[in-house]
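Colleague: The structure's right below; bear with me while I get my questions together.
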Amino acid sequence: MRPGELAAAVRSGRRRAVARALSVVERGGAPARALLAALGGVTRPWVVGITGPPGAGKSTLAEAVGLELIGREGRLAVLAVDPSSPFSGGALLGDRIRMPRLAALEGAFIRSMATRGALGGLASATEDALDVLAAAGFAVVLVETVGVGQDEVDVMHVADTVVLASPPGLGDEIQAAKAGVMEIAHVLAVTKADLPGADRTVAQLEAALELAPREGWTPPVVRVSAVTGEGVAALVEALRRHRETAVEPARAALGRRRARRRVERLAARLVLERAGDRALDRAAERVASGAADPYTAAMELVETLAAAGTEPALDHLGIAVRSIEEGARLYRALGFEVEGTETVPEQGVTVAFIPAGGTRIELLEPFGEGSPVGRHIERRGPGLHHVAVRVPDIRAAMAALREAGFELLSEEPRPGAHGSLVCFVHPRSAGGVLLELTQPGDDGR
Ligand code: CO
């Protein structure tokens, strides 16, 4: 199904289309981007996050809250987000067993989601899933996370209203939770309130709140028992009050803040994807070996990417030298960093690149008999050998030049340094300068 068709099916609210679209966004990549673009702008549902330590009874709580909200608010979806699980959604049977009463209702949709180790992380995947659910017309989405780590805190930033579920008798857990989730929770629910120790947990949470007073909304502490039904109505009432007093009035500002976080995450992910594993590994190697500090390595990665656009650009200046060591001294003295050498047997040269802002200097040391660079040095001595321009598609560029009557030195592109493809334009055709065309290799260099 094409992205447009799937998007239309999602907008019509068809459950199977929604499930399928969630699988697409969960897997990520180009299909997910195409689908999200096809969905277009949509009205965001009220997103209620439910988090807390394992054993807090979050699923039970989510079901109880869902049963209260569904119908009154409209259709409702539950998204169970599990950063630790390698398995993805579509575990429909499991989802239904977890919340049998809610799952039986017409307007409810329950789905679990795993991270798949995506670079943008779980929070990005959750945002994408919310776009799908919003397009499908769900008025409320409950987002439930499995643990209370940093991933879960990130996911909770996606929610409008956050519930922290704390079961009785977890003093240490509360201490741990205070460090992260406590700050972003809007309602503190003491779950399993029918068990002994609930009073103590309530007191601990209230004490923790007093230690860290907040401006504006003060999170209420609510006792809830899904077994007896105690407190469920009060909890839902607290959630609604938060929406009315803190979410609705700040909707525009909250939307901007969320959008900004989302763009930041995606931009970071795109940079890493574009840079590619090889470039990342190489940067990591340089940092680990002490050849570069992490800031410099990260900066270079970004600058290389910025330089490796699809526009034609000046890529490097090639300088013929008798010895790279000798030639590099000047640039080292000026504070440039000289990269490791690479041998290009096809050209009979060893090369070393020196990053220089958006462009580079390439030192070329000839070896073997009949190296073109060697002949150049014999005839004219060391000096500027060629100017290289980067083109996105070297075959297309060569065809265009041939068409226009320029003289190329080879019929086909040839392998260059860093997995690039190169071709030379005869100086007769290029104002007396040997012009190299280069198409960067996989890692954008
Ligand atoms: Co070159």
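Residues in the structure tokens are numbered from 1 in each chain, the chains being A, B, ... in the order shown, and ligands are numbered from 1 in the order shown.
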Which residues come within 8 Å of Gln347 (chain A), counting only C-alpha atoms, excluding same-chain residues fewer than 3 positions away, as a list in words?
Modeller: Val344, Ser371, Pro372 and Gly416 of chain A
Colleague: Could you dump the residues just selected with N, CA, C and O atoms as a PDB file, in the first residue's frame?
Modeller:
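Everything below was put into again_28.pdb:
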ATOM      1  N   VAL A 344      46.609   5.048  -3.159  1.00  0.00           N
ATOM      2  CA  VAL A 344      45.674   4.829  -4.263  1.00  0.00           C
ATOM      3  C   VAL A 344      46.471   4.220  -5.415  1.00  0.00           C
ATOM      4  O   VAL A 344      47.034   4.940  -6.231  1.00  0.00           O
ATOM      5  N   SER A 371      54.060   7.052 -12.571  1.00  0.00           N
ATOM      6  CA  SER A 371      52.954   7.702 -11.884  1.00  0.00           C
ATOM      7  C   SER A 371      52.753   9.105 -12.476  1.00  0.00           C
ATOM      8  O   SER A 371      53.715   9.845 -12.645  1.00  0.00           O
ATOM      9  N   PRO A 372      51.518   9.435 -12.836  1.00  0.00           N
ATOM     10  CA  PRO A 372      51.276  10.760 -13.433  1.00  0.00           C
ATOM     11  C   PRO A 372      51.776  11.894 -12.535  1.00  0.00           C
ATOM     12  O   PRO A 372      52.323  12.878 -13.036  1.00  0.00           O
ATOM     13  N   GLY A 416      39.069   6.538  -6.348  1.00  0.00           N
ATOM     14  CA  GLY A 416      39.934   7.520  -5.701  1.00  0.00           C
ATOM     15  C   GLY A 416      40.059   7.203  -4.217  1.00  0.00           C
ATOM     16  O   GLY A 416      39.682   6.117  -3.771  1.00  0.00           O
TER      17      GLY A 416
END
Colleague: I need the residues of region 226-394 of chain A that end up classed as helix (DSSP H, G or I) by DSSP on the backbone, written out as a count of residues only.
Modeller: 94
Colleague: Around ligand 1, at most 9 Å away and counting only C-alpha atoms and all ligand atoms, which residues are there? Put them as a list in words, please.
Modeller: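 Sorted by chain and then by number, the residues are Asp315, His316, Leu317, Gly318, Ile319, Val351, Ile361, Glu362, Leu363, Leu364, His385, His386, Val387, Ala388, Val389, Gly416, Ala417, Val422, Leu435, Glu436, Leu437 and Thr438 of chain A.
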Colleague: Determine, counting only C-alpha atoms, which protein, DNA and RNA residues have an atom within 7 Å of an atom of Pro167 (chain A); residues of the same chain fewer than 6 positions away are not included. Present the result as an NGL selection string.
Modeller: :A and (56 or 190-192)
Colleague: For Ala34 (chain A), which residue among A:Met1, A:Val65, A:Ala212, A:Ala268 is the nearest when counting only C-alpha atoms?
Modeller: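 Among the listed residues, A:Met1 lies closest to Ala34 (chain A).
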Colleague: Extract, using only C-alpha atoms, all DNA, RNA and protein residues at most 8 Å from region 136-153 of chain A, discarding same-chain residues fewer than 6 positions from it, and format them as number ranges by chain.
Modeller: A: 10-14, 18, 44-54, 58-59, 62, 66, 73-83, 121-123, 130, 159, 177, 180-181, 184
Colleague: Fewer than 6 positions away in the same chain doesn't count, so skip those; otherwise give me all residues within 6 Å of Val425 (chain A), counting only C-alpha atoms, as a compact mmCIF listing (two decimals) with N, CA and C atoms, in the first residue's frame.
Modeller:
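Saved result, around.txt, follows:
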# COMPACT_ATOMS: atom_id res chain seq x y z
N GLU A 407 37.14 17.76 -22.83
CA GLU A 407 37.97 16.58 -23.02
C GLU A 407 38.25 15.90 -21.68
N LEU A 408 37.81 14.67 -21.53
CA LEU A 408 38.04 13.93 -20.28
C LEU A 408 39.23 12.99 -20.46
N LEU A 409 39.91 12.70 -19.35
CA LEU A 409 41.09 11.84 -19.44
C LEU A 409 40.74 10.35 -19.34
N LEU A 435 41.58 19.47 -13.86
CA LEU A 435 40.39 19.52 -13.00
C LEU A 435 39.93 18.10 -12.68
Colleague: Using only C-alpha atoms, which residues sit within 12 Å of Val232 (chain A) once same-chain residues fewer than 3 positions away are excluded, as an MDAnalysis selection string?
Modeller: chainID A and resid 60:69 189:193 222:229 235:239
Colleague: Which of these residues is nearest to Leu254 (chain A), using only C-alpha atoms: A:Val202, A:Leu211, A:Val158, A:Val321?
Modeller: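 The shortest atom-to-atom distance to Leu254 (chain A) comes from A:Val158.
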Colleague: Fewer than 4 positions away in the same chain doesn't count, so skip those; otherwise give me all residues within 12 Å of Ala399 (chain A), counting only C-alpha atoms, as a PDB file with C-alpha atoms, in the first residue's frame.
Modeller:
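Heads up, here's the output in result-v5.pdb:
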ATOM      1  CA  ASP A 393      26.687  12.064  -9.681  1.00  0.00           C
ATOM      2  CA  ILE A 394      29.983  11.700 -11.491  1.00  0.00           C
ATOM      3  CA  ARG A 395      28.626   9.729 -14.468  1.00  0.00           C
ATOM      4  CA  GLU A 403      28.129  16.439 -24.544  1.00  0.00           C
ATOM      5  CA  ALA A 404      29.420  19.991 -24.254  1.00  0.00           C
ATOM      6  CA  GLY A 405      32.715  19.039 -25.926  1.00  0.00           C
ATOM      7  CA  PHE A 406      35.070  19.020 -22.929  1.00  0.00           C
ATOM      8  CA  GLU A 407      37.971  16.578 -23.016  1.00  0.00           C
ATOM      9  CA  LEU A 408      38.039  13.926 -20.284  1.00  0.00           C
ATOM     10  CA  SER A 410      39.130   8.601 -18.973  1.00  0.00           C
ATOM     11  CA  GLU A 411      35.983   7.007 -20.350  1.00  0.00           C
ATOM     12  CA  GLU A 412      34.868   5.701 -16.977  1.00  0.00           C
ATOM     13  CA  PRO A 413      35.196   7.073 -13.435  1.00  0.00           C
ATOM     14  CA  CYS A 423      37.674  11.539 -13.318  1.00  0.00           C
TER      15      CYS A 423
END
Colleague: Please report the interatomic distance between CA of Arg240 (chain A) and CA of Leu164 (chain A) in Å with one decimal.
Modeller: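 Atom-to-atom, CA of Arg240 (chain A) to CA of Leu164 (chain A), that is 15.5 Å.
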Colleague: Go through A:Gly71, A:Pro219, A:His157, A:Gln204 and flag the residue nearest Gly255 (chain A), using only C-alpha atoms for the distances.
Modeller: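 Using only C-alpha atoms, the shortest distance to Gly255 (chain A) belongs to A:His157.
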Colleague: Which of these residues is nearest to Gly381 (chain A), using only C-alpha atoms: A:Ala320, A:Ala279, A:Val338, A:Ala234?
Modeller: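 So, comparing all the options, the nearest one is A:Ala320.
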Colleague: Considering only strand (DSSP E or B) as DSSP defines it on the backbone, what residues of region 99-330 of chain A qualify? List them as a PyMOL selection string.
Modeller: chain A and resi 108-114+140-145+161-166+187-190+221-223+313-320
